[in-house]
$ cat final_4.txt   # compact mmCIF, C-alpha atoms and all ligand atoms
# COMPACT_ATOMS: atom_id res chain seq x y z
CA MET A 117 -8.70 40.18 -45.62
CA THR A 118 -10.09 41.27 -42.27
CA ALA A 119 -13.76 40.58 -41.77
CA GLU A 120 -16.26 43.32 -41.07
CA ILE A 121 -17.98 42.67 -37.77
CA ILE A 122 -21.79 42.55 -37.83
CA SER A 123 -22.71 43.84 -34.39
CA GLY A 124 -25.98 42.41 -33.16
CA LYS A 125 -25.84 44.91 -30.34
CA GLU A 126 -25.82 47.90 -32.69
CA LEU A 127 -28.40 46.47 -35.08
CA SER A 128 -30.63 45.63 -32.11
CA ALA A 129 -30.33 49.17 -30.75
CA GLN A 130 -31.54 50.57 -34.10
CA LYS A 131 -34.40 48.11 -34.37
CA ARG A 132 -35.50 48.66 -30.78
CA GLU A 133 -35.62 52.45 -31.41
CA GLU A 134 -38.07 51.77 -34.27
CA MET A 135 -40.05 49.44 -32.00
CA LYS A 136 -40.44 52.21 -29.40
CA TYR A 137 -42.31 54.25 -32.02
CA ARG A 138 -44.53 51.27 -32.79
CA THR A 139 -45.40 50.69 -29.12
CA GLN A 140 -46.01 54.44 -28.70
CA GLU A 141 -48.47 54.39 -31.60
CA LEU A 142 -50.23 51.37 -30.13
CA LYS A 143 -50.39 53.07 -26.73
CA GLU A 144 -52.19 56.00 -28.33
CA GLN A 145 -54.84 53.46 -29.43
CA GLY A 146 -55.04 52.13 -25.86
CA ILE A 147 -52.98 48.99 -26.58
CA ILE A 148 -49.93 47.98 -24.55
CA PRO A 149 -48.30 44.81 -25.91
CA GLY A 150 -47.97 42.19 -23.15
CA LEU A 151 -45.47 39.35 -22.77
CA ALA A 152 -45.76 36.64 -20.10
CA VAL A 153 -42.53 34.88 -19.22
CA ILE A 154 -42.62 31.63 -17.25
CA LEU A 155 -39.51 30.38 -15.49
CA VAL A 156 -39.53 27.02 -13.73
CA GLY A 157 -36.71 26.37 -11.27
CA GLU A 158 -33.65 28.40 -10.40
CA ASP A 159 -31.11 27.80 -13.14
CA PRO A 160 -28.83 30.89 -13.00
CA ALA A 161 -28.33 31.07 -16.80
CA SER A 162 -32.11 30.92 -17.37
CA GLN A 163 -32.67 33.56 -14.67
CA SER A 164 -30.20 35.84 -16.41
CA TYR A 165 -31.81 35.30 -19.87
CA VAL A 166 -35.23 36.05 -18.40
CA ARG A 167 -33.99 39.25 -16.74
CA GLY A 168 -32.49 40.35 -20.07
CA LYS A 169 -35.81 39.78 -21.83
CA GLN A 170 -37.75 41.68 -19.17
CA ARG A 171 -35.35 44.64 -19.30
CA ALA A 172 -35.65 44.75 -23.08
CA CYS A 173 -39.47 44.75 -22.79
CA GLU A 174 -39.41 47.65 -20.34
CA GLU A 175 -37.12 49.72 -22.57
CA THR A 176 -39.33 49.11 -25.61
CA GLY A 177 -42.69 49.88 -24.01
CA ILE A 178 -43.87 46.27 -23.72
CA HIS A 179 -45.63 45.18 -20.53
CA SER A 180 -44.00 42.02 -19.16
CA GLU A 181 -45.09 39.64 -16.42
CA LEU A 182 -42.75 37.11 -14.88
CA TYR A 183 -44.10 33.89 -13.39
CA GLU A 184 -41.37 32.24 -11.32
CA LEU A 185 -42.46 28.72 -10.45
CA PRO A 186 -40.60 26.31 -8.18
CA GLU A 187 -38.61 23.36 -9.54
CA SER A 188 -41.26 21.05 -8.03
CA THR A 189 -44.05 22.46 -10.25
CA THR A 190 -45.94 19.63 -11.94
CA GLU A 191 -46.59 19.51 -15.67
CA GLU A 192 -50.33 19.86 -15.02
CA GLU A 193 -49.78 23.00 -12.91
CA LEU A 194 -47.62 24.53 -15.63
CA LEU A 195 -50.15 23.64 -18.34
CA GLY A 196 -52.90 25.19 -16.19
CA ARG A 197 -50.96 28.45 -15.96
CA ILE A 198 -50.42 28.45 -19.73
CA ARG A 199 -54.16 27.93 -20.31
CA GLU A 200 -54.92 30.96 -18.10
CA LEU A 201 -52.45 33.06 -20.07
CA ASN A 202 -53.88 31.79 -23.37
CA ASP A 203 -57.19 33.35 -22.28
CA ALA A 204 -55.75 36.58 -20.83
CA GLN A 205 -56.74 39.46 -23.08
CA HIS A 206 -53.80 41.71 -22.08
CA ILE A 207 -51.17 39.05 -22.89
CA ASP A 208 -50.02 38.87 -26.52
CA GLY A 209 -47.05 36.54 -26.13
CA ILE A 210 -46.23 33.60 -23.87
CA LEU A 211 -42.67 32.42 -23.41
CA VAL A 212 -41.67 29.43 -21.33
CA GLN A 213 -37.94 29.58 -20.66
CA LEU A 214 -36.21 26.35 -21.71
CA PRO A 215 -34.82 23.99 -20.57
CA LEU A 216 -37.52 22.71 -18.23
CA PRO A 217 -36.98 20.28 -15.34
CA SER A 218 -36.83 16.70 -16.65
CA HIS A 219 -40.24 15.73 -15.18
CA ILE A 220 -42.00 18.21 -17.51
CA SER A 221 -42.42 17.46 -21.22
CA GLU A 222 -41.19 20.37 -23.34
CA ASP A 223 -43.32 19.14 -26.24
CA ALA A 224 -46.49 19.20 -24.11
CA VAL A 225 -45.68 22.73 -22.93
CA ILE A 226 -44.94 24.08 -26.41
CA ASP A 227 -48.13 22.45 -27.76
CA ALA A 228 -50.21 24.04 -24.98
CA ILE A 229 -49.42 27.63 -25.99
CA VAL A 230 -51.96 28.90 -28.54
CA PRO A 231 -50.11 29.50 -31.84
CA GLU A 232 -51.39 33.12 -31.87
CA LYS A 233 -49.34 33.83 -28.71
CA ASP A 234 -46.35 31.61 -29.51
CA VAL A 235 -43.88 34.50 -29.89
CA ASP A 236 -40.90 32.10 -29.62
CA GLY A 237 -42.10 30.47 -32.85
CA PHE A 238 -41.67 26.94 -31.47
CA HIS A 239 -45.25 25.64 -31.86
CA PRO A 240 -45.63 22.98 -34.58
CA VAL A 241 -48.28 25.15 -36.26
CA ASN A 242 -45.87 28.07 -36.58
CA ILE A 243 -43.01 25.79 -37.66
CA GLY A 244 -45.27 24.22 -40.29
CA ARG A 245 -46.44 27.59 -41.56
CA MET A 246 -42.83 28.75 -41.80
CA MET A 247 -41.90 25.59 -43.75
CA ILE A 248 -44.56 26.18 -46.39
CA GLY A 249 -43.84 29.89 -46.62
CA ARG A 250 -47.02 31.13 -44.90
CA GLU A 251 -47.22 33.96 -42.39
CA ALA A 252 -46.00 32.73 -38.99
CA PHE A 253 -44.16 33.74 -35.86
CA LEU A 254 -40.59 32.98 -36.85
CA PRO A 255 -38.27 31.43 -34.26
CA CYS A 256 -36.28 34.32 -32.81
CA THR A 257 -32.67 33.18 -33.14
CA PRO A 258 -32.94 32.06 -36.80
CA ALA A 259 -34.95 35.19 -37.68
CA GLY A 260 -32.27 37.34 -36.01
CA ILE A 261 -29.54 35.58 -38.02
CA VAL A 262 -31.27 36.35 -41.33
CA GLU A 263 -31.82 39.98 -40.25
CA MET A 264 -28.10 40.31 -39.50
CA VAL A 265 -27.16 39.06 -42.96
CA LYS A 266 -29.74 41.29 -44.66
CA SER A 267 -28.57 44.32 -42.67
CA ARG A 268 -25.36 44.31 -44.76
CA GLU A 269 -27.19 43.81 -48.03
CA ILE A 270 -25.40 40.49 -48.51
CA SER A 271 -27.18 38.60 -51.29
CA ILE A 272 -28.73 35.32 -50.17
CA GLU A 273 -30.51 34.15 -53.32
CA GLY A 274 -28.57 31.38 -55.08
CA ARG A 275 -25.79 31.37 -52.46
CA HIS A 276 -24.69 28.22 -50.68
CA VAL A 277 -25.61 28.35 -46.99
CA VAL A 278 -24.13 25.67 -44.74
CA VAL A 279 -25.66 25.28 -41.28
CA ILE A 280 -23.69 23.29 -38.70
CA GLY A 281 -26.28 22.09 -36.16
CA ARG A 282 -29.82 20.79 -36.68
CA SER A 283 -31.66 21.55 -33.43
CA ASN A 284 -35.35 22.37 -33.65
CA ILE A 285 -34.84 25.87 -32.25
CA VAL A 286 -31.73 27.01 -34.14
CA GLY A 287 -30.16 24.86 -36.88
CA LYS A 288 -33.23 23.44 -38.65
CA PRO A 289 -35.28 26.63 -38.80
CA ALA A 290 -32.20 28.73 -39.69
CA GLY A 291 -31.64 26.56 -42.77
CA GLN A 292 -35.35 26.74 -43.64
CA LEU A 293 -35.39 30.55 -43.47
CA PHE A 294 -32.40 30.74 -45.81
CA LEU A 295 -34.17 28.28 -48.15
CA ASN A 296 -37.22 30.55 -48.07
CA GLU A 297 -34.84 33.32 -49.24
CA ASN A 298 -33.84 31.10 -52.21
CA ALA A 299 -30.45 29.98 -50.91
CA THR A 300 -29.09 26.47 -51.52
CA VAL A 301 -28.87 24.94 -48.06
CA THR A 302 -26.75 22.12 -46.62
CA TYR A 303 -27.04 20.90 -43.03
CA CYS A 304 -24.15 19.37 -41.07
CA HIS A 305 -24.50 17.57 -37.74
CA SER A 306 -22.70 15.10 -35.51
CA ARG A 307 -22.95 12.27 -38.06
CA THR A 308 -21.79 14.32 -41.05
CA GLU A 309 -18.74 13.06 -42.92
CA ASN A 310 -16.23 15.47 -44.50
CA MET A 311 -17.68 18.41 -42.59
CA LYS A 312 -14.69 20.70 -43.11
CA GLU A 313 -14.85 20.22 -46.88
CA ILE A 314 -18.59 20.94 -46.91
CA ALA A 315 -18.27 23.99 -44.65
CA ALA A 316 -15.45 25.32 -46.82
CA GLN A 317 -17.90 25.50 -49.76
CA ALA A 318 -20.22 27.84 -47.90
CA ASP A 319 -20.84 31.41 -48.98
CA ILE A 320 -22.67 31.84 -45.68
CA LEU A 321 -21.73 29.56 -42.76
CA VAL A 322 -24.01 29.36 -39.71
CA VAL A 323 -22.40 27.63 -36.72
CA ALA A 324 -24.80 26.41 -33.99
CA VAL A 325 -23.03 23.52 -32.28
CA GLY A 326 -22.48 24.68 -28.69
CA LYS A 327 -18.77 23.81 -28.55
CA GLU A 328 -16.14 26.41 -27.82
CA GLU A 329 -13.67 27.13 -30.66
CA PHE A 330 -15.19 24.38 -32.82
CA VAL A 331 -14.68 26.17 -36.14
CA GLY A 332 -11.28 27.42 -37.25
CA ARG A 333 -9.98 28.92 -40.51
CA GLU A 334 -9.84 25.52 -42.26
CA TYR A 335 -13.69 25.51 -42.31
CA ILE A 336 -13.93 28.86 -44.08
CA LYS A 337 -13.94 29.71 -47.78
CA PRO A 338 -12.06 33.02 -48.17
CA GLY A 339 -14.63 35.81 -48.20
CA ALA A 340 -17.44 33.77 -46.60
CA VAL A 341 -19.98 35.29 -44.21
CA VAL A 342 -19.74 33.56 -40.81
CA ILE A 343 -22.52 33.64 -38.22
CA ASP A 344 -21.50 32.35 -34.79
CA VAL A 345 -24.57 31.30 -32.79
CA GLY A 346 -22.75 29.44 -29.99
CA VAL A 347 -22.85 30.59 -26.40
CA ASN A 348 -20.27 28.83 -24.25
CA ARG A 349 -18.44 29.70 -21.07
CA ASN A 350 -14.68 29.25 -21.24
CA SER A 351 -12.40 28.20 -18.37
CA GLU A 352 -12.07 31.86 -17.26
CA GLY A 353 -15.85 32.19 -17.07
CA ASN A 354 -16.15 34.42 -20.17
CA LEU A 355 -18.77 33.98 -22.89
CA THR A 356 -17.37 32.62 -26.14
CA GLY A 357 -18.85 31.42 -29.40
CA ASP A 358 -18.29 28.26 -31.45
CA VAL A 359 -15.89 30.04 -33.84
CA LYS A 360 -12.21 30.88 -33.33
CA PHE A 361 -12.88 34.59 -33.73
CA GLU A 362 -9.35 35.93 -34.20
CA GLU A 363 -8.31 33.42 -36.84
CA VAL A 364 -11.61 33.33 -38.76
CA LYS A 365 -11.64 37.15 -38.83
CA GLU A 366 -8.60 36.93 -41.14
CA VAL A 367 -10.42 34.89 -43.83
CA ALA A 368 -14.13 35.75 -43.63
CA SER A 369 -15.71 38.84 -45.20
CA TYR A 370 -18.24 39.27 -42.38
CA LEU A 371 -18.30 37.74 -38.91
CA THR A 372 -20.59 38.04 -35.89
CA PRO A 373 -19.06 38.37 -32.40
CA VAL A 374 -19.94 36.59 -29.15
CA PRO A 375 -21.10 38.27 -26.99
CA GLY A 376 -22.89 41.11 -28.80
CA GLY A 377 -23.86 39.15 -31.93
CA VAL A 378 -26.78 36.78 -32.37
CA GLY A 379 -27.77 36.95 -28.67
CA PRO A 380 -29.14 40.53 -28.64
CA MET A 381 -30.85 39.93 -32.00
CA THR A 382 -32.70 36.94 -30.55
CA ILE A 383 -34.28 39.18 -27.91
CA THR A 384 -35.01 41.86 -30.50
CA MET A 385 -36.95 39.39 -32.64
CA LEU A 386 -38.90 38.29 -29.56
CA LEU A 387 -39.92 41.93 -28.95
CA ASN A 388 -40.86 42.24 -32.61
CA ASN A 389 -43.05 39.12 -32.48
CA THR A 390 -44.78 40.40 -29.32
CA ILE A 391 -45.58 43.77 -30.90
CA GLU A 392 -46.83 42.06 -34.07
CA SER A 393 -49.03 39.79 -32.00
CA ALA A 394 -50.57 42.79 -30.24
CA GLN A 395 -51.16 44.49 -33.59
CA LYS A 396 -52.87 41.39 -35.01
CA ARG A 397 -54.85 40.28 -31.97
CA ARG A 398 -56.24 43.63 -30.93
CA ARG A 399 -56.87 45.28 -34.27
P1 LIG B 1 -28.20 21.64 -29.45
O1 LIG B 1 -29.65 21.36 -29.38
O2 LIG B 1 -27.25 21.04 -28.48
O3 LIG B 1 -27.73 21.23 -30.93
C1 LIG B 1 -26.40 21.20 -31.29
C2 LIG B 1 -26.26 20.70 -32.71
O4 LIG B 1 -24.86 20.59 -33.00
C3 LIG B 1 -26.88 19.31 -32.93
O5 LIG B 1 -27.61 19.30 -34.13
C4 LIG B 1 -25.66 18.39 -33.01
O6 LIG B 1 -25.81 17.32 -33.92
C5 LIG B 1 -24.61 19.34 -33.55
N1 LIG B 1 -23.27 18.86 -33.16
C6 LIG B 1 -22.84 18.55 -31.92
N2 LIG B 1 -21.56 18.13 -31.97
C7 LIG B 1 -21.20 18.16 -33.27
C8 LIG B 1 -20.03 17.83 -33.96
N3 LIG B 1 -18.95 17.38 -33.32
N4 LIG B 1 -20.00 18.00 -35.30
C9 LIG B 1 -21.09 18.46 -35.95
N5 LIG B 1 -22.24 18.81 -35.35
C10 LIG B 1 -22.29 18.65 -34.03
O7 LIG B 1 -27.90 23.20 -29.38
P2 LIG B 1 -28.77 24.46 -29.90
O8 LIG B 1 -29.91 24.70 -28.99
O9 LIG B 1 -28.99 24.37 -31.36
O10 LIG B 1 -27.70 25.61 -29.63
C11 LIG B 1 -26.46 25.64 -30.29
C12 LIG B 1 -25.60 26.74 -29.67
O11 LIG B 1 -26.26 27.98 -29.87
C13 LIG B 1 -25.43 26.61 -28.15
O12 LIG B 1 -24.15 27.11 -27.80
C14 LIG B 1 -26.49 27.54 -27.58
O13 LIG B 1 -26.16 28.04 -26.31
C15 LIG B 1 -26.48 28.62 -28.62
N6 LIG B 1 -27.72 29.38 -28.72
C16 LIG B 1 -27.61 30.71 -28.78
C17 LIG B 1 -28.73 31.48 -28.88
C18 LIG B 1 -28.58 32.96 -28.97
O14 LIG B 1 -29.55 33.67 -28.84
N7 LIG B 1 -27.38 33.48 -29.20
C19 LIG B 1 -30.00 30.90 -28.91
C20 LIG B 1 -30.11 29.51 -28.86
C21 LIG B 1 -28.95 28.76 -28.77
P3 LIG B 1 -26.87 16.09 -33.68
O15 LIG B 1 -28.20 16.66 -34.03
O16 LIG B 1 -26.41 15.06 -34.64
O17 LIG B 1 -26.73 15.71 -32.24
$ encode --input "final_4.txt" --output "structure tokens" --more "lines below"
Ligand code: NAP
Amino acid sequence: MTAEIISGKELSAQKREEMKYRTQELKEQGIIPGLAVILVGEDPASQSYVRGKQRACEETGIHSELYELPESTTEEELLGRIRELNDAQHIDGILVQLPLPSHISEDAVIDAIVPEKDVDGFHPVNIGRMMIGREAFLPCTPAGIVEMVKSREISIEGRHVVVIGRSNIVGKPAGQLFLNENATVTYCHSRTENMKEIAAQADILVVAVGKEEFVGREYIKPGAVVIDVGVNRNSEGNLTGDVKFEEVKEVASYLTPVPGGVGPMTITMLLNNTIESAQKRRR
């Protein structure tokens, strides 16, 4: 068996075309969705993620504003900026690029964004709403993963989904979204025993560990759907996932690539949340 590749790049291109129509319609009503992006410090990876998000906004008809703050910014200064943006009528979404310098509490920053503008879906109110199946901004990477699976009409209900990784921004909410779709969900993490055996029972395996080539064919049930969330840089400086792509491709039925997989879908879901926020807030 050779897996079919689910291209996040192609799926994103389709979805962003649809979004252009939505922003055009809003523009005709005098509404331009607005996203504020705050970057603290000069981490090159964060700078590159932020540029990618801004470019995507421009292409989709979303107004974006970048606030580049120095590494020395205090928590109070950052919270003050967030409060201003909470009150800004033309801003529908606020995104603070993580990670933050160690002297700033990420929890305090996430809590300071009003849930109505939390287009990253990280605020406890949105996480709680998601958990109990209420309308919420869904965290972008997990939402993108589910969209990728649905794009191939792969059934989720009743299937066994195994998620390796339990971070608050990827693993935990990814499992929750699959549970909301009536899957049976198992989480694995650094303390899990017999992980290979558990992973090899998965109909859908989500890998979000952050370790290059972590998952090989021995983790995969023949015909499983494999979603590789990892973003690592190998010794040659190239982006790689957490999955041994070439060998897993021979056993899985579907597989997502890195780059060009979950990454572009994450940005696409951010654009979607921003447009939805504009539609809700300014109706
Ligand atoms: P994270 O916060 O570092 O979490 C990693 C998870 O992997 C933790 O739950 C950890 O378990 C688990 N883990 C670590 N070593 C393990 C091991 N040996 N066996 C089993 N589990 C292990 O990372 P994250 O933010 O979730 O991100 C995961 C990966 O996805 C990273 O490569 C990141 O760059 C990437 N990512 C990609 C996107 C995208 O848009 N494509 C978005 C976000 C993140 P414990 O909880 O027990 O420590």
$ closest_residue --input "final_4.txt" --among "A:Leu371, A:Ala324, A:Ile261, A:Ile343" --to "ligand LIG 1 (chain B)" --atoms "only C-alpha atoms and all ligand atoms"
A:Ala324
$ residues_around --input "final_4.txt" --residues "Ala290 in chain A" --least-positions-apart "5" --cutoff "9 Å" --atoms "all atoms listed in the file" --output "MDAnalysis selection string"
chainID A and resid 255 257:259 261:262 279 282 285 295 322
$ closest_residue --input "final_4.txt" --among "A:Thr308, A:Gln140, A:Thr372, A:Gln145" --to "Asp358 in chain A" --atoms "all atoms listed in the file"
A:Thr372
$ residues_near_ligand --input "final_4.txt" --ligand "ligand LIG 1 (chain B)" --cutoff "8 Å" --atoms "only C-alpha atoms and all ligand atoms" --output "number ranges by chain"
A: 256-257, 280-287, 304-308, 311, 323-327, 330, 345-348, 357-358, 377-383
$ atom_distance --input "final_4.txt" --atom1 "CA of Ala252 in chain A" --atom2 "CA of Met135 in chain A"
19.1 Å
$ closest_residue --input "final_4.txt" --among "A:Pro186, A:Pro149, A:Gly177, A:Gly376" --to "Glu133 in chain A" --atoms "all atoms listed in the file"
A:Gly177
$ closest_residue --input "final_4.txt" --among "A:Val230, A:Val278, A:Ile270, A:Ala318" --to "Ser393 in chain A" --atoms "only C-alpha atoms"
A:Val230
$ residues_around --input "final_4.txt" --residues "Ser267 in chain A" --least-positions-apart "4" --cutoff "9 Å" --atoms "only C-alpha atoms" --output "ChimeraX atom specification"
/A:122,127,262-263
$ closest_residue --input "final_4.txt" --among "A:Ile320, A:Ile391, A:Ile272, A:Ile198" --to "Leu155 in chain A" --atoms "all atoms listed in the file"
A:Ile198
$ residues_near_point --input "final_4.txt" --point "(-53.1, 32.0, -15.8)" --cutoff "12 Å" --atoms "all atoms listed in the file" --output "ChimeraX atom specification"
/A:152-154,181-183,193-207,210,229
$ residues_near_point --input "final_4.txt" --point "(-23.2, 43.6, -39.5)" --cutoff "6 Å" --atoms "all atoms listed in the file" --output "CSV table (one decimal) with C-alpha atoms, in the coordinates of the input"
chain,number,residue,atom,x,y,z
A,121,ILE,CA,-18.0,42.7,-37.8
A,122,ILE,CA,-21.8,42.6,-37.8
A,123,SER,CA,-22.7,43.8,-34.4
A,264,MET,CA,-28.1,40.3,-39.5
A,268,ARG,CA,-25.4,44.3,-44.8
$ atom_distance --input "final_4.txt" --atom1 "CA of Gln213 in chain A" --atom2 "CA of Tyr165 in chain A"
8.4 Å
$ axis_aligned_box --input "final_4.txt" --around "range 222-226 of chain A" --padding-each-side "5 Å" --output "lines of an AutoDock Vina configuration file"
center_x = -43.8
center_y = 21.6
center_z = -24.7
size_x = 15.3
size_y = 14.9
size_z = 13.5
$ atom_distance --input "final_4.txt" --atom1 "CA of Gly249 in chain A" --atom2 "CA of Leu293 in chain A"
9.0 Å
$ residues_around --input "final_4.txt" --residues "Thr390 in chain A" --least-positions-apart "4" --cutoff "9 Å" --atoms "all atoms listed in the file" --output "NGL selection string"
:A and (149-151 or 178 or 208-210 or 233-235 or 385-386 or 394-395)
$ residues_around --input "final_4.txt" --residues "range 239-244 of chain A" --least-positions-apart "6" --cutoff "6 Å" --atoms "only C-alpha atoms" --output "JSON, numbers by chain"
{"A": [226, 227, 252, 253]}
$ closest_residue --input "final_4.txt" --among "A:Phe238, A:Tyr303, A:Cys173, A:Glu328" --to "Asp223 in chain A" --atoms "all atoms listed in the file"
A:Phe238
$ residues_around --input "final_4.txt" --residues "Thr300 in chain A" --least-positions-apart "2" --cutoff "7 Å" --atoms "all atoms listed in the file" --output "VMD selection string"
chain A and resid 274 to 277 295 298 302
$ build_atoms --input "final_4.txt" --residues "range 335-351 of chain A" --atoms "N, CA, C and O atoms" --output "PDB file, in the coordinates of the input"
ATOM      1  N   TYR A 335     -12.277  25.712 -41.958  1.00  0.00           N
ATOM      2  CA  TYR A 335     -13.690  25.510 -42.310  1.00  0.00           C
ATOM      3  C   TYR A 335     -14.208  26.633 -43.239  1.00  0.00           C
ATOM      4  O   TYR A 335     -15.368  26.599 -43.632  1.00  0.00           O
ATOM      5  N   ILE A 336     -13.381  27.627 -43.480  1.00  0.00           N
ATOM      6  CA  ILE A 336     -13.930  28.860 -44.080  1.00  0.00           C
ATOM      7  C   ILE A 336     -13.402  29.073 -45.500  1.00  0.00           C
ATOM      8  O   ILE A 336     -12.188  29.078 -45.731  1.00  0.00           O
ATOM      9  N   LYS A 337     -14.349  29.290 -46.429  1.00  0.00           N
ATOM     10  CA  LYS A 337     -13.940  29.710 -47.780  1.00  0.00           C
ATOM     11  C   LYS A 337     -13.544  31.188 -47.685  1.00  0.00           C
ATOM     12  O   LYS A 337     -14.291  31.984 -47.076  1.00  0.00           O
ATOM     13  N   PRO A 338     -12.425  31.603 -48.259  1.00  0.00           N
ATOM     14  CA  PRO A 338     -12.060  33.020 -48.170  1.00  0.00           C
ATOM     15  C   PRO A 338     -13.216  33.912 -48.649  1.00  0.00           C
ATOM     16  O   PRO A 338     -13.798  33.667 -49.698  1.00  0.00           O
ATOM     17  N   GLY A 339     -13.562  34.885 -47.843  1.00  0.00           N
ATOM     18  CA  GLY A 339     -14.630  35.810 -48.200  1.00  0.00           C
ATOM     19  C   GLY A 339     -16.016  35.371 -47.741  1.00  0.00           C
ATOM     20  O   GLY A 339     -17.010  36.060 -47.997  1.00  0.00           O
ATOM     21  N   ALA A 340     -16.113  34.238 -47.055  1.00  0.00           N
ATOM     22  CA  ALA A 340     -17.440  33.770 -46.600  1.00  0.00           C
ATOM     23  C   ALA A 340     -17.978  34.667 -45.467  1.00  0.00           C
ATOM     24  O   ALA A 340     -17.215  35.359 -44.783  1.00  0.00           O
ATOM     25  N   VAL A 341     -19.302  34.605 -45.318  1.00  0.00           N
ATOM     26  CA  VAL A 341     -19.980  35.290 -44.210  1.00  0.00           C
ATOM     27  C   VAL A 341     -20.141  34.246 -43.095  1.00  0.00           C
ATOM     28  O   VAL A 341     -20.655  33.153 -43.362  1.00  0.00           O
ATOM     29  N   VAL A 342     -19.709  34.562 -41.881  1.00  0.00           N
ATOM     30  CA  VAL A 342     -19.740  33.560 -40.810  1.00  0.00           C
ATOM     31  C   VAL A 342     -20.596  34.072 -39.643  1.00  0.00           C
ATOM     32  O   VAL A 342     -20.349  35.161 -39.102  1.00  0.00           O
ATOM     33  N   ILE A 343     -21.610  33.282 -39.307  1.00  0.00           N
ATOM     34  CA  ILE A 343     -22.520  33.640 -38.220  1.00  0.00           C
ATOM     35  C   ILE A 343     -22.278  32.662 -37.068  1.00  0.00           C
ATOM     36  O   ILE A 343     -22.502  31.461 -37.209  1.00  0.00           O
ATOM     37  N   ASP A 344     -21.838  33.186 -35.953  1.00  0.00           N
ATOM     38  CA  ASP A 344     -21.500  32.350 -34.790  1.00  0.00           C
ATOM     39  C   ASP A 344     -22.658  32.415 -33.784  1.00  0.00           C
ATOM     40  O   ASP A 344     -22.893  33.449 -33.144  1.00  0.00           O
ATOM     41  N   VAL A 345     -23.391  31.311 -33.667  1.00  0.00           N
ATOM     42  CA  VAL A 345     -24.570  31.300 -32.790  1.00  0.00           C
ATOM     43  C   VAL A 345     -24.205  30.802 -31.377  1.00  0.00           C
ATOM     44  O   VAL A 345     -24.903  31.083 -30.413  1.00  0.00           O
ATOM     45  N   GLY A 346     -23.101  30.103 -31.258  1.00  0.00           N
ATOM     46  CA  GLY A 346     -22.750  29.440 -29.990  1.00  0.00           C
ATOM     47  C   GLY A 346     -22.646  30.371 -28.805  1.00  0.00           C
ATOM     48  O   GLY A 346     -22.230  31.529 -28.936  1.00  0.00           O
ATOM     49  N   VAL A 347     -23.056  29.882 -27.675  1.00  0.00           N
ATOM     50  CA  VAL A 347     -22.850  30.590 -26.400  1.00  0.00           C
ATOM     51  C   VAL A 347     -22.231  29.588 -25.433  1.00  0.00           C
ATOM     52  O   VAL A 347     -22.894  28.648 -25.008  1.00  0.00           O
ATOM     53  N   ASN A 348     -20.972  29.753 -25.157  1.00  0.00           N
ATOM     54  CA  ASN A 348     -20.270  28.830 -24.250  1.00  0.00           C
ATOM     55  C   ASN A 348     -19.555  29.665 -23.189  1.00  0.00           C
ATOM     56  O   ASN A 348     -19.299  30.850 -23.389  1.00  0.00           O
ATOM     57  N   ARG A 349     -19.262  29.031 -22.077  1.00  0.00           N
ATOM     58  CA  ARG A 349     -18.440  29.700 -21.070  1.00  0.00           C
ATOM     59  C   ARG A 349     -17.073  29.040 -21.052  1.00  0.00           C
ATOM     60  O   ARG A 349     -16.967  27.830 -20.920  1.00  0.00           O
ATOM     61  N   ASN A 350     -16.004  29.842 -21.227  1.00  0.00           N
ATOM     62  CA  ASN A 350     -14.680  29.250 -21.240  1.00  0.00           C
ATOM     63  C   ASN A 350     -14.155  29.067 -19.807  1.00  0.00           C
ATOM     64  O   ASN A 350     -14.844  29.396 -18.840  1.00  0.00           O
ATOM     65  N   SER A 351     -12.935  28.541 -19.698  1.00  0.00           N
ATOM     66  CA  SER A 351     -12.400  28.200 -18.370  1.00  0.00           C
ATOM     67  C   SER A 351     -12.253  29.433 -17.474  1.00  0.00           C
ATOM     68  O   SER A 351     -12.252  29.326 -16.249  1.00  0.00           O
TER      69      SER A 351
END
